[in-house]
Every structure is written in structure tokens, then in C-alpha cells.
Amino acid sequence: MKTILIYGAGGFAREVAWLAEEVGLTVIAFVDDSPERIGATINDIRVISLEAAQSEFLDVPMVIGVGAPNTRRTLAAKAHERGFRFTSIIHPRVEMSRWISWDEGTVITAGNILTTNIRLGAHVHINLDCTIGHDCILEDFVTLAPGVHVSGWVHIQRGVYIGTGAVIINGEAGQPIVIGEDAVIGAGAVVTKSIPAGVTAVGVPARPLER
């Protein structure tokens, strides 16, 4: 059995642990920065500090089990500075063509469908039962919550969070719909046009909240 570390010990980390077991990996430990969690056992997996993980398991690959893109970015930088390497986990019940590429740290959970010519960056998280259409780009640290549907010709920039059940309609060749860096799309929103960077957009159709 291959082994893995999961950085984080919250709800999504427990889901990633289940995903890891589904693909035949043994989770050595949850790694967490919260003193109140260190030393605990969660779902039969012990929680250790990053320092302890570096001392004992630096040769074990890591994946980050945190849904928030900004937090995931911070944790990835901390782990990288300490010499950890990252791996990706994809559930066996994911349907995808051979024209999909992804970078390190990608997590794709059960029930997802990815069609063709899709590019995923590093540390992308795709939660349960999402669909992603042709010619899409998801940059580093993008998170899709459960049940998100992304149509073709969509470009989701770095650090975007898309809430549960949101829908992004299709763009066009040469004119994709663009979700700007660090934007947040609210649960159940329907995105019909590009969204600027750094804003929160909600509703049907989705519109940026007033600052």
C-alpha cells in the first residue's frame, strides 16, 4: 500500500482521506497547524504538526485537504518550503477523456465528468458531482464545491471559489467566459458573462455584490 499525508484535519480533509482509501492509499497522518488538534485521532488517523511530519515523513507525498483557495495556497507554500512534494488523487468513479491535464496537488472526488481538452492547474479541488465541458481552463487553487456545472470555453483564474450548485454557461472559441482571479461565485448562481477579479457574484443571473 502506498502512503500519503493530508494537510488539514477538518471536514474536507476527512473526505479526502476517504478518497485516498478508495484509490488504495494509506493515510499516514493528518497534518495540522492548530495546537488543539495535534495529538488527536480523527477517523482512526492521528493528527500531527507540520514539524513532526517533516521529521518523520518528508519522503511521503502530500495533498492538501482544505477547500478555501487562499488557505490552500498558504499551506502549499509552507509545505513546499519544508521540502514536501505533492501528489494528486482522482477517484475511480470520475469520467474523463484522455485530453485532460492536471498539475500537482489536484483532488477530484467521486461522480465528476470532465469531457475534453481541459487544463487543470496545481492544487485544484473538484468536489462531488461536478461537470466540466470542453476547452476549459482551471488555474491553480481553484475550488469547485459540490454540484457545480461548467460549460465549454470557460477560463477560471487562480484562486476562484465556486459555490455549491453554481452554473457557468458556455463561452465561445476565442471569447471564453472568464472568472477573474480570487473571485467567489455564490451557491446556486448562474454565471452568464465574465466576472471581474476579486469580487463576489451571486444570483440568477450572477451579479457582483456592491462593495
# chains A, B, ... in the order shown; residues from 1 in each chain; ligands from 1
>>> closest_atom_pairs(of="stretch 184-207 of chain A", to="stretch 167-174 of chain A", cutoff="6 Å", atoms="only C-alpha atoms", output="Markdown table")
| residue | atom | partner | partner_atom | distance |
| --- | --- | --- | --- | --- |
| A:Val190 | CA | A:Val167 | CA | 4.8 |
| A:Val191 | CA | A:Ile168 | CA | 4.6 |
| A:Thr192 | CA | A:Ile169 | CA | 5.6 |
>>> closest_atom_pairs(of="stretch 80-99 of chain A", to="stretch 42-62 of chain A", cutoff="7 Å", atoms="only C-alpha atoms", output="CSV")
residue,atom,partner,partner_atom,distance
A:Arg82,CA,A:Gln54,CA,7.0
A:Phe84,CA,A:Leu58,CA,5.9
A:Arg85,CA,A:Pro61,CA,5.3
A:Phe86,CA,A:Met62,CA,4.7
A:Thr87,CA,A:Pro61,CA,5.9
>>> write_last_selection(atoms="N, CA and C atoms", output="PDB file, in the first residue's frame")
ATOM      1  N   ARG A  82       9.303  23.507   3.312  1.00  0.00           N
ATOM      2  CA  ARG A  82       9.881  22.470   4.161  1.00  0.00           C
ATOM      3  C   ARG A  82      10.286  21.223   3.371  1.00  0.00           C
ATOM      4  N   PHE A  84       8.379  19.282   1.207  1.00  0.00           N
ATOM      5  CA  PHE A  84       7.396  18.254   0.860  1.00  0.00           C
ATOM      6  C   PHE A  84       7.108  18.276  -0.637  1.00  0.00           C
ATOM      7  N   ARG A  85       6.773  17.117  -1.166  1.00  0.00           N
ATOM      8  CA  ARG A  85       6.298  17.020  -2.541  1.00  0.00           C
ATOM      9  C   ARG A  85       4.819  16.655  -2.518  1.00  0.00           C
ATOM     10  N   PHE A  86       4.120  17.084  -3.559  1.00  0.00           N
ATOM     11  CA  PHE A  86       2.673  16.903  -3.616  1.00  0.00           C
ATOM     12  C   PHE A  86       2.305  15.866  -4.667  1.00  0.00           C
ATOM     13  N   THR A  87       1.173  15.238  -4.443  1.00  0.00           N
ATOM     14  CA  THR A  87       0.622  14.289  -5.405  1.00  0.00           C
ATOM     15  C   THR A  87      -0.810  14.685  -5.708  1.00  0.00           C
TER      16      THR A  87
END
>>> atom_distance(atom1="atom CA of A:Ile132", atom2="atom CA of A:Leu114")
4.9 Å
>>> atom_distance(atom1="atom CA of A:Gly152", atom2="atom CA of A:Gly198")
22.6 Å
>>> closest_residue(among="A:Ala17, A:Ile195, A:Ile4, A:Val107", to="A:Phe141", atoms="only C-alpha atoms")
A:Val107
>>> select_by_dssp(residues="stretch 86-148 of chain A", states="strand (DSSP E)", output="ChimeraX atom specification")
/A:89-90,95-96,100-101,107-108,113-114,118-120,125-126,131-132,137-138,143-144
>>> closest_residue(among="A:Ser88, A:Ser34, A:Thr26, A:Thr74", to="A:Ala9", atoms="only C-alpha atoms")
A:Ser34
>>> select_by_dssp(residues="chain A", states="alpha helix (DSSP H)", output="count of residues only")
33
>>> atom_distance(atom1="atom CA of A:Gly65", atom2="atom CA of A:Asn117")
26.2 Å
>>> residues_around(residues="A:Ala122", least_positions_apart="6", cutoff="8 Å", atoms="only C-alpha atoms", output="list of chain:residue names")
A:Trp102, A:Asp103, A:Glu104, A:Gly105, A:Thr106, A:Glu139, A:Asp140, A:Phe141
>>> write_last_selection(atoms="N, CA and C atoms", output="short mmCIF file (atom, residue, chain, number, x, y, z; two decimals), in the first residue's frame")
data_model
loop_
_atom_site.label_atom_id
_atom_site.label_comp_id
_atom_site.auth_asym_id
_atom_site.auth_seq_id
_atom_site.Cartn_x
_atom_site.Cartn_y
_atom_site.Cartn_z
N TRP A 102 -3.44 17.88 -15.69
CA TRP A 102 -3.51 18.50 -14.37
C TRP A 102 -2.11 18.54 -13.78
N ASP A 103 -1.93 19.48 -12.84
CA ASP A 103 -0.66 19.63 -12.14
C ASP A 103 -0.77 19.04 -10.74
N GLU A 104 0.33 19.15 -9.99
CA GLU A 104 0.41 18.51 -8.67
C GLU A 104 -0.65 19.04 -7.72
N GLY A 105 -1.05 18.16 -6.79
CA GLY A 105 -1.96 18.56 -5.73
C GLY A 105 -3.43 18.58 -6.10
N THR A 106 -3.76 18.16 -7.32
CA THR A 106 -5.15 18.17 -7.75
C THR A 106 -5.95 17.08 -7.05
N GLU A 139 -7.27 27.43 -13.33
CA GLU A 139 -5.92 27.74 -12.88
C GLU A 139 -5.67 27.24 -11.46
N ASP A 140 -4.46 27.47 -10.96
CA ASP A 140 -4.04 26.99 -9.65
C ASP A 140 -5.03 27.41 -8.56
N PHE A 141 -5.26 26.49 -7.61
CA PHE A 141 -6.01 26.74 -6.38
C PHE A 141 -7.49 27.07 -6.61
#
>>> residues_around(residues="A:Gly147", least_positions_apart="2", cutoff="6 Å", atoms="only C-alpha atoms", output="list in words")
Asp129, Cys130, Thr164 and Gly165 of chain A
>>> closest_residue(among="A:Leu19, A:Ala13, A:Ile162, A:Val66", to="A:Ala183", atoms="only C-alpha atoms")
A:Ile162
>>> residues_around(residues="A:Arg207", least_positions_apart="4", cutoff="10 Å", atoms="only C-alpha atoms", output="PyMOL selection string")
chain A and resi 185-186+189-195+199-203
>>> write_last_selection(atoms="C-alpha atoms", output="PDB file, in the first residue's frame")
ATOM      1  CA  ILE A 185     -19.320  32.680  -7.119  1.00  0.00           C
ATOM      2  CA  GLY A 186     -22.163  32.128  -4.676  1.00  0.00           C
ATOM      3  CA  ALA A 189     -25.603  31.345  -9.017  1.00  0.00           C
ATOM      4  CA  VAL A 190     -25.855  31.268 -12.808  1.00  0.00           C
ATOM      5  CA  VAL A 191     -22.917  32.974 -14.489  1.00  0.00           C
ATOM      6  CA  THR A 192     -23.839  34.285 -17.943  1.00  0.00           C
ATOM      7  CA  LYS A 193     -20.907  36.637 -18.547  1.00  0.00           C
ATOM      8  CA  SER A 194     -17.369  37.235 -17.330  1.00  0.00           C
ATOM      9  CA  ILE A 195     -16.867  38.163 -13.669  1.00  0.00           C
ATOM     10  CA  VAL A 199     -15.486  40.160  -6.446  1.00  0.00           C
ATOM     11  CA  THR A 200     -18.290  38.024  -5.054  1.00  0.00           C
ATOM     12  CA  ALA A 201     -21.066  37.354  -7.550  1.00  0.00           C
ATOM     13  CA  VAL A 202     -24.460  35.898  -6.610  1.00  0.00           C
ATOM     14  CA  GLY A 203     -27.897  35.380  -8.075  1.00  0.00           C
TER      15      GLY A 203
END
>>> residues_around(residues="A:Asp182", least_positions_apart="3", cutoff="8 Å", atoms="only C-alpha atoms", output="list in words")
Gln157, Arg158, Gly159, Val160, Tyr161, Ala197, Gly198 and Val199 of chain A
>>> closest_residue(among="A:Ile118, A:Ile179, A:Ala110, A:Val142", to="A:Arg98", atoms="only C-alpha atoms")
A:Ile118
>>> closest_residue(among="A:Pro146, A:Glu210, A:Ala40, A:Cys136", to="A:Ile177", atoms="only C-alpha atoms")
A:Cys136
>>> closest_residue(among="A:Met96, A:Ile113, A:Val124, A:Ala77", to="A:His149", atoms="only C-alpha atoms")
A:Ile113
>>> residues_around(residues="A:Gly24", least_positions_apart="2", cutoff="8 Å", atoms="only C-alpha atoms", output="number ranges by chain")
A: 1-2, 20-22, 26
